[in-house]
Each structure stands twice: as C-alpha cells, then as structure tokens.
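Raw contents of structure.txt, compact mmCIF, C-alpha atoms:
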```txt
# COMPACT_ATOMS: atom_id res chain seq x y z
CA MET A 1 6.75 25.86 -2.07
CA SER A 2 7.16 23.56 -5.07
CA ASN A 3 8.03 19.92 -4.53
CA SER A 4 11.42 20.46 -6.19
CA GLU A 5 12.28 22.96 -3.43
CA ALA A 6 10.74 21.10 -0.51
CA ALA A 7 12.89 19.42 2.12
CA VAL A 8 12.04 17.82 5.47
CA LEU A 9 14.02 17.05 8.58
CA VAL A 10 12.65 13.97 10.35
CA LEU A 11 13.54 12.98 13.92
CA GLU A 12 13.22 9.48 15.28
CA ASP A 13 10.59 10.56 17.84
CA GLY A 14 8.32 11.58 14.96
CA ARG A 15 8.93 15.34 15.03
CA ILE A 16 9.13 16.76 11.50
CA PHE A 17 10.42 20.16 10.34
CA ARG A 18 9.59 21.34 6.84
CA GLY A 19 11.79 23.72 4.89
CA THR A 20 13.64 24.11 1.59
CA THR A 21 16.64 22.40 0.07
CA PHE A 22 20.11 23.62 0.98
CA GLY A 23 23.16 22.08 -0.65
CA ALA A 24 22.58 18.79 -2.43
CA VAL A 25 19.16 17.25 -3.04
CA GLY A 26 18.50 13.71 -1.85
CA GLN A 27 18.59 11.77 1.40
CA THR A 28 20.99 11.69 4.33
CA LEU A 29 20.83 9.99 7.72
CA GLY A 30 22.69 10.74 10.94
CA GLU A 31 22.47 11.84 14.54
CA ALA A 32 20.95 15.32 14.92
CA VAL A 33 23.17 17.56 17.06
CA PHE A 34 23.42 21.33 17.46
CA SER A 35 26.43 23.64 17.48
CA THR A 36 26.35 27.05 19.18
CA GLY A 37 29.28 28.56 17.28
CA MET A 38 28.51 31.85 15.53
CA THR A 39 31.65 31.60 13.39
CA GLY A 40 33.77 28.81 11.99
CA TYR A 41 31.17 26.83 10.05
CA GLN A 42 33.80 25.66 7.54
CA GLU A 43 35.92 24.24 10.35
CA THR A 44 32.85 22.53 11.79
CA LEU A 45 31.74 20.98 8.52
CA THR A 46 35.20 19.58 7.75
CA ASP A 47 35.91 18.29 11.28
CA PRO A 48 36.10 14.46 11.14
CA SER A 49 34.59 14.31 14.65
CA TYR A 50 31.23 15.19 13.05
CA HIS A 51 31.23 12.05 10.90
CA ARG A 52 27.70 10.59 10.72
CA GLN A 53 26.09 13.61 12.39
CA ILE A 54 23.55 16.09 11.04
CA VAL A 55 24.64 19.45 12.41
CA VAL A 56 22.14 22.15 13.34
CA SER A 57 23.51 25.70 13.45
CA THR A 58 22.05 27.84 16.23
CA ALA A 59 23.38 31.00 14.57
CA PRO A 60 20.49 32.21 12.38
CA GLN A 61 22.45 33.20 9.27
CA ILE A 62 25.13 30.95 7.82
CA GLY A 63 27.29 31.26 4.71
CA ASN A 64 28.19 34.95 4.78
CA THR A 65 31.92 34.34 4.40
CA GLY A 66 31.56 31.65 1.75
CA TRP A 67 34.17 28.91 1.43
CA ASN A 68 37.96 29.18 1.12
CA ASP A 69 40.96 26.95 0.47
CA GLU A 70 42.63 27.47 3.86
CA ASP A 71 40.25 26.65 6.71
CA ASP A 72 39.47 22.96 6.16
CA GLU A 73 40.05 20.84 9.28
CA SER A 74 40.53 17.63 7.31
CA VAL A 75 43.04 16.38 4.77
CA GLY A 76 43.05 13.37 2.49
CA PRO A 77 44.06 9.93 3.80
CA THR A 78 47.69 10.57 2.82
CA GLY A 79 47.83 14.08 4.26
CA ASP A 80 47.20 15.84 0.94
CA SER A 81 45.09 18.97 1.49
CA ALA A 82 43.53 18.41 -1.92
CA GLY A 83 41.75 15.44 -0.37
CA ALA A 84 39.97 17.56 2.25
CA LYS A 85 36.28 16.82 2.59
CA ILE A 86 33.14 17.74 4.45
CA TRP A 87 32.50 15.10 7.13
CA VAL A 88 29.07 16.07 8.45
CA ALA A 89 26.23 13.86 7.28
CA GLY A 90 23.93 16.84 6.75
CA TYR A 91 23.51 20.52 7.56
CA VAL A 92 20.53 22.39 9.02
CA VAL A 93 20.34 26.21 8.95
CA ARG A 94 17.67 28.84 9.28
CA ASP A 95 18.77 31.53 6.84
CA PRO A 96 21.53 30.72 4.33
CA SER A 97 23.25 33.86 3.11
CA ARG A 98 22.55 34.69 -0.51
CA VAL A 99 25.77 36.73 -0.78
CA THR A 100 29.38 35.73 -0.12
CA SER A 101 31.27 38.60 1.54
CA SER A 102 34.91 37.73 2.21
CA TRP A 103 38.10 38.51 0.33
CA ARG A 104 39.33 35.01 1.26
CA ALA A 105 36.39 33.19 -0.30
CA THR A 106 36.94 31.00 -3.34
CA GLY A 107 33.28 30.01 -3.61
CA SER A 108 29.99 29.82 -1.78
CA LEU A 109 28.90 27.43 0.94
CA GLN A 110 25.94 26.33 -1.19
CA ALA A 111 28.24 25.40 -4.08
CA LYS A 112 30.60 23.44 -1.82
CA LEU A 113 27.74 21.48 -0.27
CA GLU A 114 26.45 20.62 -3.75
CA GLU A 115 29.93 19.68 -4.96
CA GLN A 116 30.41 17.24 -2.09
CA SER A 117 26.82 15.91 -2.17
CA ILE A 118 25.99 17.11 1.35
CA VAL A 119 22.21 17.18 1.78
CA GLY A 120 20.89 20.06 3.87
CA ILE A 121 17.75 21.94 4.79
CA ALA A 122 17.08 25.64 5.30
CA GLY A 123 14.21 27.84 6.35
CA ILE A 124 13.15 25.91 9.45
CA ASP A 125 12.74 27.20 13.01
CA THR A 126 16.16 26.16 14.32
CA ARG A 127 15.40 27.68 17.73
CA ALA A 128 12.44 25.29 18.14
CA LEU A 129 14.57 22.41 16.88
CA VAL A 130 17.39 23.11 19.34
CA ARG A 131 14.93 23.41 22.23
CA HIS A 132 13.54 20.04 21.22
CA LEU A 133 16.99 18.41 21.12
CA ARG A 134 17.93 19.95 24.47
CA THR A 135 14.74 18.52 25.96
CA ARG A 136 14.68 15.11 24.28
CA GLY A 137 18.39 14.67 23.59
CA SER A 138 20.39 14.12 20.40
CA MET A 139 18.69 11.49 18.28
CA ARG A 140 18.68 9.72 14.95
CA SER A 141 17.40 11.87 12.11
CA GLY A 142 17.27 12.29 8.37
CA ILE A 143 16.97 15.04 5.75
CA PHE A 144 14.94 14.23 2.65
CA SER A 145 14.33 16.19 -0.55
CA GLY A 146 13.66 15.61 -4.23
CA ALA A 147 13.05 11.97 -5.15
CA ALA A 148 13.80 10.89 -1.56
CA LEU A 149 10.58 12.51 -0.27
CA ALA A 150 7.84 10.12 0.80
CA ALA A 151 4.99 9.81 3.27
CA ASP A 152 5.85 10.88 6.81
CA ASP A 153 5.56 7.36 8.27
CA VAL A 154 7.89 6.01 5.60
CA LEU A 155 10.53 8.64 6.36
CA ILE A 156 10.27 8.04 10.12
CA GLU A 157 10.86 4.34 9.52
CA ARG A 158 13.97 5.09 7.43
CA VAL A 159 15.31 7.21 10.28
CA LYS A 160 14.63 4.54 12.89
CA ASN A 161 16.32 1.82 10.82
CA GLN A 162 19.75 3.48 10.98
CA PRO A 163 22.23 2.53 13.73
CA THR A 164 22.58 4.69 16.84
CA MET A 165 25.73 6.59 17.80
CA LEU A 166 25.90 4.52 20.99
CA GLY A 167 28.19 1.63 20.11
CA ALA A 168 29.40 3.22 16.85
CA ASP A 169 33.04 2.42 16.02
CA LEU A 170 33.95 5.23 13.61
CA ALA A 171 37.57 6.27 14.19
CA GLY A 172 38.87 3.85 11.58
CA GLU A 173 36.54 5.36 8.97
CA VAL A 174 38.09 8.83 9.28
CA SER A 175 41.72 7.94 10.00
CA THR A 176 44.68 8.21 7.66
CA THR A 177 45.34 4.99 5.77
CA SER A 178 49.09 5.20 5.31
CA GLY A 179 50.25 7.98 7.62
CA TYR A 180 52.02 11.21 6.78
CA VAL A 181 54.50 13.67 8.27
CA VAL A 182 54.08 17.34 9.14
CA GLU A 183 57.46 19.06 9.47
CA PRO A 184 58.17 21.87 11.95
CA THR A 185 58.05 25.43 10.72
CA GLY A 186 61.08 27.68 10.78
CA GLY A 187 63.93 25.28 11.51
CA GLU A 188 65.00 21.78 12.46
CA ALA A 189 62.85 19.51 14.58
CA ARG A 190 63.38 19.75 18.32
CA PHE A 191 61.23 16.71 19.02
CA THR A 192 59.24 14.01 17.23
CA VAL A 193 55.67 13.18 18.21
CA ALA A 194 53.60 10.22 17.02
CA ALA A 195 50.01 11.42 16.58
CA ILE A 196 47.40 8.66 16.54
CA ASP A 197 44.79 9.76 14.01
CA LEU A 198 41.35 8.98 15.41
CA GLY A 199 39.92 11.87 13.38
CA ILE A 200 42.65 14.49 13.73
CA LYS A 201 42.01 18.12 12.81
CA THR A 202 44.41 19.89 10.45
CA ASN A 203 45.32 22.57 12.94
CA THR A 204 46.66 20.14 15.52
CA PRO A 205 49.88 19.16 13.70
CA ARG A 206 50.22 22.83 12.75
CA MET A 207 50.21 23.81 16.43
CA PHE A 208 52.95 21.27 17.13
CA ALA A 209 54.94 22.39 14.07
CA GLU A 210 54.91 25.99 15.32
CA ARG A 211 56.72 24.73 18.42
CA GLY A 212 59.46 22.96 16.47
CA ILE A 213 57.92 19.49 16.63
CA ARG A 214 57.87 17.00 13.76
CA VAL A 215 54.55 15.10 13.73
CA HIS A 216 54.17 11.59 12.34
CA VAL A 217 50.42 11.14 11.89
CA LEU A 218 49.72 7.41 12.23
CA PRO A 219 46.59 5.36 11.48
CA SER A 220 44.14 4.59 14.27
CA ASN A 221 45.37 0.98 14.33
CA ALA A 222 49.03 1.96 14.83
CA THR A 223 51.17 -0.26 17.06
CA LEU A 224 53.68 0.44 19.78
CA GLU A 225 56.38 -1.00 17.53
CA GLN A 226 55.66 1.66 14.92
CA ILE A 227 55.95 4.37 17.54
CA LEU A 228 59.22 2.99 18.91
CA ASP A 229 60.63 2.60 15.39
CA LEU A 230 60.10 6.35 14.91
CA GLU A 231 62.05 7.01 18.11
CA ALA A 232 59.18 9.30 19.05
CA ASP A 233 59.70 11.59 22.02
CA GLY A 234 56.00 11.56 22.83
CA VAL A 235 52.55 10.43 21.71
CA PHE A 236 49.40 12.40 20.92
CA LEU A 237 45.82 11.02 20.88
CA SER A 238 43.55 13.01 18.58
CA ASN A 239 39.90 13.92 18.53
CA GLY A 240 37.50 11.73 16.58
CA PRO A 241 33.94 10.43 16.16
CA GLY A 242 31.99 7.58 17.68
CA ASP A 243 31.64 5.78 20.98
CA PRO A 244 34.90 5.55 22.97
CA ALA A 245 33.69 2.28 24.49
CA THR A 246 34.35 0.66 21.09
CA ALA A 247 37.98 1.86 20.84
CA ASP A 248 39.64 -1.09 22.58
CA GLY A 249 42.63 -1.01 20.22
CA ALA A 250 43.41 2.62 20.98
CA VAL A 251 42.98 2.01 24.72
CA HIS A 252 45.38 -0.94 24.58
CA LEU A 253 47.95 1.13 22.69
CA THR A 254 47.60 3.93 25.24
CA LYS A 255 48.32 1.52 28.08
CA GLU A 256 51.44 0.34 26.25
CA VAL A 257 52.59 3.94 25.71
CA LEU A 258 52.04 4.75 29.39
CA GLY A 259 54.04 1.66 30.29
CA GLN A 260 56.93 2.99 28.22
CA GLY A 261 56.87 6.30 30.07
CA LEU A 262 56.45 8.35 26.89
CA PRO A 263 54.85 11.77 27.48
CA LEU A 264 51.24 11.59 26.29
CA PHE A 265 48.74 14.31 25.39
CA GLY A 266 45.14 13.72 24.33
CA ILE A 267 42.34 15.91 23.00
CA CYS A 268 38.58 15.19 22.95
CA PHE A 269 38.22 11.53 21.90
CA GLY A 270 41.83 11.19 23.03
CA ASN A 271 40.78 12.38 26.49
CA GLN A 272 38.20 9.60 26.66
CA ILE A 273 40.78 7.05 25.47
CA LEU A 274 43.30 8.10 28.13
CA GLY A 275 40.56 8.03 30.76
CA ARG A 276 39.55 4.52 29.79
CA ALA A 277 43.19 3.41 29.84
CA LEU A 278 43.36 4.74 33.40
CA GLY A 279 40.28 2.72 34.39
CA MET A 280 37.51 5.31 33.99
CA ASP A 281 34.15 4.66 32.32
CA THR A 282 32.40 6.71 29.64
CA TYR A 283 28.76 7.51 28.98
CA LYS A 284 26.68 9.10 26.23
CA MET A 285 25.60 12.63 27.07
CA LYS A 286 22.03 13.81 26.56
CA PHE A 287 22.91 16.38 23.90
CA GLY A 288 26.65 16.90 24.30
CA HIS A 289 28.81 20.01 24.07
CA ARG A 290 29.26 21.57 20.63
CA GLY A 291 30.27 25.17 20.12
CA ILE A 292 33.01 27.73 20.77
CA ASN A 293 31.80 29.36 23.98
CA ILE A 294 31.97 26.66 26.68
CA PRO A 295 33.69 27.53 30.02
CA VAL A 296 36.07 24.99 31.58
CA VAL A 297 37.67 25.14 35.03
CA GLU A 298 41.23 23.87 35.59
CA HIS A 299 41.09 22.89 39.26
CA GLN A 300 44.79 23.03 40.09
CA THR A 301 45.05 26.70 39.09
CA GLY A 302 41.45 27.90 39.22
CA ARG A 303 41.92 29.16 35.69
CA ILE A 304 38.79 29.32 33.50
CA ALA A 305 39.11 29.00 29.74
CA ILE A 306 36.41 29.63 27.16
CA THR A 307 36.73 26.66 24.86
CA ALA A 308 35.65 25.07 21.59
CA GLN A 309 34.07 21.65 22.01
CA ASN A 310 32.48 18.85 20.02
CA HIS A 311 31.61 15.70 21.92
CA GLY A 312 28.58 13.59 22.72
CA PHE A 313 30.36 11.22 25.11
CA ALA A 314 32.20 11.98 28.35
CA LEU A 315 34.20 10.38 31.15
CA GLU A 316 32.51 9.57 34.43
CA GLY A 317 34.06 11.43 37.36
CA GLU A 318 33.90 14.39 39.72
CA ALA A 319 35.87 17.63 39.94
CA GLY A 320 39.27 17.09 41.59
CA GLN A 321 38.67 13.36 42.08
CA GLU A 322 41.93 11.43 42.61
CA PHE A 323 42.20 7.72 41.92
CA ASP A 324 44.74 4.93 41.58
CA THR A 325 45.73 3.51 38.20
CA PRO A 326 48.30 0.93 37.08
CA PHE A 327 50.46 3.91 36.07
CA GLY A 328 50.26 5.90 39.31
CA ARG A 329 47.77 8.28 40.86
CA ALA A 330 45.56 10.31 38.54
CA VAL A 331 43.17 13.21 38.96
CA VAL A 332 40.15 14.71 37.21
CA SER A 333 41.89 17.96 36.33
CA HIS A 334 39.20 19.93 34.48
CA THR A 335 35.40 20.13 34.52
CA CYS A 336 32.79 22.14 32.63
CA ALA A 337 31.55 25.18 34.52
CA ASN A 338 28.08 24.74 33.01
CA ASP A 339 27.25 21.16 33.97
CA GLY A 340 30.24 19.65 35.82
CA ALA A 341 31.14 17.22 33.02
CA VAL A 342 34.71 15.90 33.09
CA GLU A 343 36.89 18.00 30.78
CA GLY A 344 40.37 16.65 31.55
CA VAL A 345 42.45 14.04 33.36
CA ARG A 346 46.15 13.74 34.16
CA LEU A 347 48.60 11.51 35.94
CA LEU A 348 49.92 13.25 39.03
CA ASP A 349 53.51 12.69 37.88
CA ASP A 350 52.57 14.80 34.81
CA SER A 351 53.69 12.12 32.35
CA ALA A 352 50.27 12.16 30.66
CA PHE A 353 47.34 14.55 30.47
CA SER A 354 44.33 15.17 28.26
CA VAL A 355 41.45 17.58 27.81
CA GLN A 356 37.97 17.11 26.40
CA TYR A 357 37.93 20.45 24.60
CA HIS A 358 39.93 21.81 21.63
CA PRO A 359 43.01 23.95 22.43
CA GLU A 360 43.84 23.84 18.72
CA ALA A 361 40.55 25.54 17.74
CA ALA A 362 41.33 27.37 14.51
CA ALA A 363 38.16 29.45 14.57
CA GLY A 364 38.76 30.27 18.22
CA PRO A 365 38.67 30.81 21.08
CA HIS A 366 42.40 30.45 21.79
CA ASP A 367 42.35 30.55 25.59
CA ALA A 368 43.67 27.00 25.87
CA ALA A 369 46.48 27.10 23.29
CA TYR A 370 48.99 27.14 26.17
CA LEU A 371 48.39 23.40 26.60
CA PHE A 372 50.63 22.77 23.59
CA ASP A 373 53.37 24.65 25.42
CA ARG A 374 52.72 22.56 28.52
CA TYR A 375 53.15 19.38 26.50
CA THR A 376 56.30 20.73 24.86
CA GLY A 377 57.60 21.28 28.40
CA LEU A 378 57.06 17.58 29.14
CA LEU A 379 59.08 16.67 26.06
CA GLU A 380 61.86 19.03 27.15
CA ALA A 381 61.90 17.59 30.66
CA ARG A 382 62.15 14.04 29.35
CA SER A 383 64.96 15.04 27.00
CA THR A 384 66.85 16.64 29.91
CA ARG A 385 66.46 13.51 32.03
CA LYS A 386 67.73 11.32 29.18
CA GLY A 387 70.69 13.65 28.59
CA SER A 388 71.73 13.57 32.24
CA LYS A 389 71.98 9.78 32.35
```
For this file, produce the structure as structure tokens.
Amino acid sequence: MSNSEAAVLVLEDGRIFRGTTFGAVGQTLGEAVFSTGMTGYQETLTDPSYHRQIVVSTAPQIGNTGWNDEDDESVGPTGDSAGAKIWVAGYVVRDPSRVTSSWRATGSLQAKLEEQSIVGIAGIDTRALVRHLRTRGSMRSGIFSGAALAADDVLIERVKNQPTMLGADLAGEVSTTSGYVVEPTGGEARFTVAAIDLGIKTNTPRMFAERGIRVHVLPSNATLEQILDLEADGVFLSNGPGDPATADGAVHLTKEVLGQGLPLFGICFGNQILGRALGMDTYKMKFGHRGINIPVVEHQTGRIAITAQNHGFALEGEAGQEFDTPFGRAVVSHTCANDGAVEGVRLLDDSAFSVQYHPEAAAGPHDAAYLFDRYTGLLEARSTRKGSK
C-alpha cells in the first residue's frame, strides 16, 4: 500500500484500523458509531442527525446503487433541494463497490464523497470494529489520510482533543435559517403544521403533505408567537443531532405549545424534547440504536413494528410507566424489544405523543407510517371541537 493510498481510523482508546482512502483525502474528526442498515446509505449520509459522527457501515459492500438526485434527506437552509449535503463527518466501509448498478444513479458514491470533501476509509475489518464499539461504546475518533497522516501517538492526541458528543448542542448548526413551506400534494391544505427544524429529514414534510397538510418548517429557535401567527393547527418536533440536555430552548417552546393545547407530534430528538418537557431525564447510550431493523413494542396495542432508528441518547423510563406532568398524566408508550429502551411517550389525553424511531423512513421499513395518520386524526379532532363551539 503506497502512502498516497493509506488511511487510518483512530479511536480515542488507542485502537487503530489501517485501510485505504475512500472519498476525500485528509482529516476528519467525530464520534464513531455503526449503522446496521443494508440499504439506504444515501439517506443515512444526508441525515442531519448524523452531524459530527463518523458512520461505520456493518453491511460489507457499499456503493452498489451509486448516488441519485432524489433520495437526499437534507435540503439547503432555505428548503432548496439544490442545497442538500452530506452531514456525516466521515464514512467507514469494508468493500466499496467499484461499479454503480442502478438506473436511478446520477453518479457514484465515491465521486459524491470527493465532491463534498467527506473523508472516509475502506478495506478495514468492520466486523472487528463494530464488536469493539459494542464492547467499549461509541467514542471519539478520526480518519486520517494523505498529508494528515502522522505518528500514531500524534493522531490519538488529535482525536482526544475534540469535544465529546455528551453536552454537544448541535441542533442550531443543522436547522433552517429562515424557514420554508412545503405545500400539500393533490389539493388544498386541510391543516397547517409548524415543524420545528432540529435536523428535519426531507421525507417528513413529504409525509405530511401526502395527507393534505401544509408544513411551515421553522428554525430551531422559533418562538410561540411565530407559531401562533401562522395559526398552526399543530406542532411537530423533528429529529436532530446532539445532546437533548442542551436543548433548553426547544424544551421551553414545547412546554408553551402544550400549554396552548396544540396537538404535538415528535420524532427521535423530538421524542427526547417532549419527554424532557414532561419532566423526564435523558442519558447517553453505550452505542445507541442505528439501523433499519430494530423492533419496537407499542404497549397499548401490543403491536410490534420493525423500525429505522438513529439515536445515541434516550429517555429514562420503564415500559408502561405512568407519571404526572404539569400537562396531565403521561405514559411511556413504546419500548425497544431488544433492550427495553424508551421508544415513545404520550399524554393520556392524546394531545401529544412522540416516538424515538423514524416512521418517515424513506429507505424503509414502513411499519410505523400509520403514526402520521394518527397525528392527522388529532388535528381532525381538534378541528371538530373548534367547529362545534
């Protein structure tokens, strides 16, 4: 292996994996995490929730379907799809495909990573790496190649000098700056929803639009006054990166929204924000849930959904636990069938609910898409109550 092709992945505990360059050449730092999805790598790479994370793919071959112009899960700060970008800090794969085989492809994964200066590494034993992260936990890491290569102790020190994900306030770094509107498809708007962009995925407003809902995507620092000025029928809290314990502004806004009685729906980071607004605590998981094959139990119905997930933090609680809040009684509504982690909360009067997983998952699975219909039902019920007064 020539030095021009060499790349190394360095973990903060001193473990080093040596491989070859993939994507851009240089240096990148971030938290090493692994994703178990066998498909949907474009959606993963462009998901703002992966901001400041180096993603390890457990699937051995990546890149077969290339890159296309339709599957990005991010848009520019004004909602322009031309501003879509890759949010991961780096990418780790075992065997990058040398051939692009999809009629939808407009280019290769390698070319897109180079174009957006995403530093990656290939040719390492990703199975050994994932076993290490499962044992030791997600940790600070770095990928180095080209002129960024140096002695091992120097690289380890660079990795250790970066901030940890614990205490990271990142939602504002991925949020829209000015806001934008996504109109409903196939007719006039039945309802208007204010979506707080903490790192929203492109498919979420699309799922609302398919149900006749106009979505005003607002910055992460939006105020209650902005929501009321829109005469919004409900509020949505999006997914996003970072430590939910830092999101005091979003928690305060959520409490104000609950006080107004507006129907509220949250996903992923939004689940943690609603939980905190209801008085729950959060914690950093050992290695988190990231993939598209994670089973979740809904305790009221006993229904099990196979879900897409991406989170390294979770709410503290137990399956079926009920508790008092300033807004009425609440319950831990969903938990993970694998490890018992909290996967959803709701107020017992059904005015607000949230889930930790992704019912909008564009790459699948789609077991949980019905939750958008459930939320639409809350909007309809509120509209009926208002009309009867």
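Neighbouring residues of Ile292 (chain A) at 7 Å or closer, counting all atoms listed in the file and skipping chain neighbours under 6 positions away, are Thr36, Gly37, Thr307, Ala308, Gln309, Gly364 and Pro365 of chain A.
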For Glu115 (chain A), which residue among A:Ala361, A:Val25, A:Ala209, A:Ala6 is the nearest when counting only C-alpha atoms?
A:Val25
Just need the box for region 377-389 of chain A, edges along x, y and z, holding every atom the file lists for it with 4 Å tacked onto each side, so centre and edge lengths in Å to one decimal, as AutoDock Vina command-line options.
```
--center_x 64.5 --center_y 15.5 --center_z 29.2 --size_x 22.9 --size_y 19.5 --size_z 14.3
```
Atom-to-atom span, CA of Ala195 (chain A) and CA of Glu210 (chain A), Å
15.4 Å
Region 353-388 of chain A near region 255-265 of chain A within 7 Å: what's each residue's closest atom pair and its distance in Å to one decimal, counting only C-alpha atoms, ordered by chain then ascending residue number, as CSV?
```
residue,atom,partner,partner_atom,distance
A:Phe353,CA,A:Phe265,CA,5.3
A:Ser354,CA,A:Phe265,CA,5.3
A:Tyr375,CA,A:Phe265,CA,6.8
A:Leu378,CA,A:Pro263,CA,6.4
A:Leu379,CA,A:Pro263,CA,6.6
```
When you count only C-alpha atoms, which of these residues is closest to Ala330 (chain A): A:Gly275, A:Pro295, A:Gly76, A:Gly137?
A:Gly275
Provide region 143-153 of chain A rebuilt to all heavy atoms, formatted as a PDB file, in the coordinates of the input.
```pdb
ATOM      1  N   ILE A 143      17.434  13.940   6.601  1.00  0.00           N
ATOM      2  CA  ILE A 143      16.970  15.040   5.750  1.00  0.00           C
ATOM      3  C   ILE A 143      16.609  14.430   4.401  1.00  0.00           C
ATOM      4  O   ILE A 143      17.384  13.639   3.830  1.00  0.00           O
ATOM      5  CB  ILE A 143      18.054  16.122   5.572  1.00  0.00           C
ATOM      6  CG1 ILE A 143      18.483  16.686   6.923  1.00  0.00           C
ATOM      7  CG2 ILE A 143      17.530  17.246   4.671  1.00  0.00           C
ATOM      8  CD1 ILE A 143      19.671  17.639   6.813  1.00  0.00           C
ATOM      9  N   PHE A 144      15.451  14.819   3.891  1.00  0.00           N
ATOM     10  CA  PHE A 144      14.940  14.230   2.650  1.00  0.00           C
ATOM     11  C   PHE A 144      14.450  15.336   1.726  1.00  0.00           C
ATOM     12  O   PHE A 144      13.762  16.262   2.156  1.00  0.00           O
ATOM     13  CB  PHE A 144      13.794  13.261   2.954  1.00  0.00           C
ATOM     14  CG  PHE A 144      14.139  12.218   3.978  1.00  0.00           C
ATOM     15  CD1 PHE A 144      13.876  12.448   5.322  1.00  0.00           C
ATOM     16  CD2 PHE A 144      14.737  11.023   3.608  1.00  0.00           C
ATOM     17  CE1 PHE A 144      14.194  11.488   6.280  1.00  0.00           C
ATOM     18  CE2 PHE A 144      15.063  10.065   4.556  1.00  0.00           C
ATOM     19  CZ  PHE A 144      14.790  10.298   5.899  1.00  0.00           C
ATOM     20  N   SER A 145      14.798  15.230   0.449  1.00  0.00           N
ATOM     21  CA  SER A 145      14.330  16.190  -0.550  1.00  0.00           C
ATOM     22  C   SER A 145      14.337  15.507  -1.902  1.00  0.00           C
ATOM     23  O   SER A 145      14.891  14.409  -2.083  1.00  0.00           O
ATOM     24  CB  SER A 145      15.217  17.442  -0.568  1.00  0.00           C
ATOM     25  OG  SER A 145      16.572  17.106  -0.800  1.00  0.00           O
ATOM     26  N   GLY A 146      13.704  16.160  -2.892  1.00  0.00           N
ATOM     27  CA  GLY A 146      13.660  15.610  -4.230  1.00  0.00           C
ATOM     28  C   GLY A 146      13.005  14.239  -4.267  1.00  0.00           C
ATOM     29  O   GLY A 146      11.964  14.004  -3.636  1.00  0.00           O
ATOM     30  N   ALA A 147      13.615  13.308  -4.989  1.00  0.00           N
ATOM     31  CA  ALA A 147      13.050  11.970  -5.150  1.00  0.00           C
ATOM     32  C   ALA A 147      13.026  11.172  -3.858  1.00  0.00           C
ATOM     33  O   ALA A 147      12.339  10.153  -3.761  1.00  0.00           O
ATOM     34  CB  ALA A 147      13.853  11.205  -6.209  1.00  0.00           C
ATOM     35  N   ALA A 148      13.763  11.617  -2.834  1.00  0.00           N
ATOM     36  CA  ALA A 148      13.800  10.890  -1.560  1.00  0.00           C
ATOM     37  C   ALA A 148      12.575  11.179  -0.693  1.00  0.00           C
ATOM     38  O   ALA A 148      12.343  10.491   0.305  1.00  0.00           O
ATOM     39  CB  ALA A 148      15.062  11.256  -0.778  1.00  0.00           C
ATOM     40  N   LEU A 149      11.779  12.190  -1.048  1.00  0.00           N
ATOM     41  CA  LEU A 149      10.580  12.510  -0.270  1.00  0.00           C
ATOM     42  C   LEU A 149       9.559  11.387  -0.367  1.00  0.00           C
ATOM     43  O   LEU A 149       9.428  10.725  -1.405  1.00  0.00           O
ATOM     44  CB  LEU A 149       9.961  13.817  -0.769  1.00  0.00           C
ATOM     45  CG  LEU A 149      10.727  15.104  -0.422  1.00  0.00           C
ATOM     46  CD1 LEU A 149      10.135  16.289  -1.186  1.00  0.00           C
ATOM     47  CD2 LEU A 149      10.702  15.366   1.084  1.00  0.00           C
ATOM     48  N   ALA A 150       8.861  11.161   0.732  1.00  0.00           N
ATOM     49  CA  ALA A 150       7.840  10.120   0.800  1.00  0.00           C
ATOM     50  C   ALA A 150       6.871  10.477   1.918  1.00  0.00           C
ATOM     51  O   ALA A 150       6.993  11.532   2.553  1.00  0.00           O
ATOM     52  CB  ALA A 150       8.488   8.741   1.031  1.00  0.00           C
ATOM     53  N   ALA A 151       5.928   9.597   2.176  1.00  0.00           N
ATOM     54  CA  ALA A 151       4.990   9.810   3.270  1.00  0.00           C
ATOM     55  C   ALA A 151       5.740   9.898   4.594  1.00  0.00           C
ATOM     56  O   ALA A 151       6.789   9.276   4.771  1.00  0.00           O
ATOM     57  CB  ALA A 151       3.965   8.684   3.310  1.00  0.00           C
ATOM     58  N   ASP A 152       5.175  10.649   5.533  1.00  0.00           N
ATOM     59  CA  ASP A 152       5.850  10.880   6.810  1.00  0.00           C
ATOM     60  C   ASP A 152       6.217   9.573   7.511  1.00  0.00           C
ATOM     61  O   ASP A 152       7.327   9.426   8.037  1.00  0.00           O
ATOM     62  CB  ASP A 152       4.969  11.725   7.731  1.00  0.00           C
ATOM     63  CG  ASP A 152       4.831  13.163   7.241  1.00  0.00           C
ATOM     64  OD1 ASP A 152       5.530  13.531   6.281  1.00  0.00           O
ATOM     65  OD2 ASP A 152       4.034  13.905   7.839  1.00  0.00           O
ATOM     66  N   ASP A 153       5.281   8.612   7.551  1.00  0.00           N
ATOM     67  CA  ASP A 153       5.560   7.360   8.270  1.00  0.00           C
ATOM     68  C   ASP A 153       6.681   6.568   7.619  1.00  0.00           C
ATOM     69  O   ASP A 153       7.460   5.886   8.301  1.00  0.00           O
ATOM     70  CB  ASP A 153       4.289   6.514   8.398  1.00  0.00           C
ATOM     71  CG  ASP A 153       3.680   6.168   7.050  1.00  0.00           C
ATOM     72  OD1 ASP A 153       3.965   6.872   6.064  1.00  0.00           O
ATOM     73  OD2 ASP A 153       2.903   5.192   6.981  1.00  0.00           O
TER      74      ASP A 153
END
```
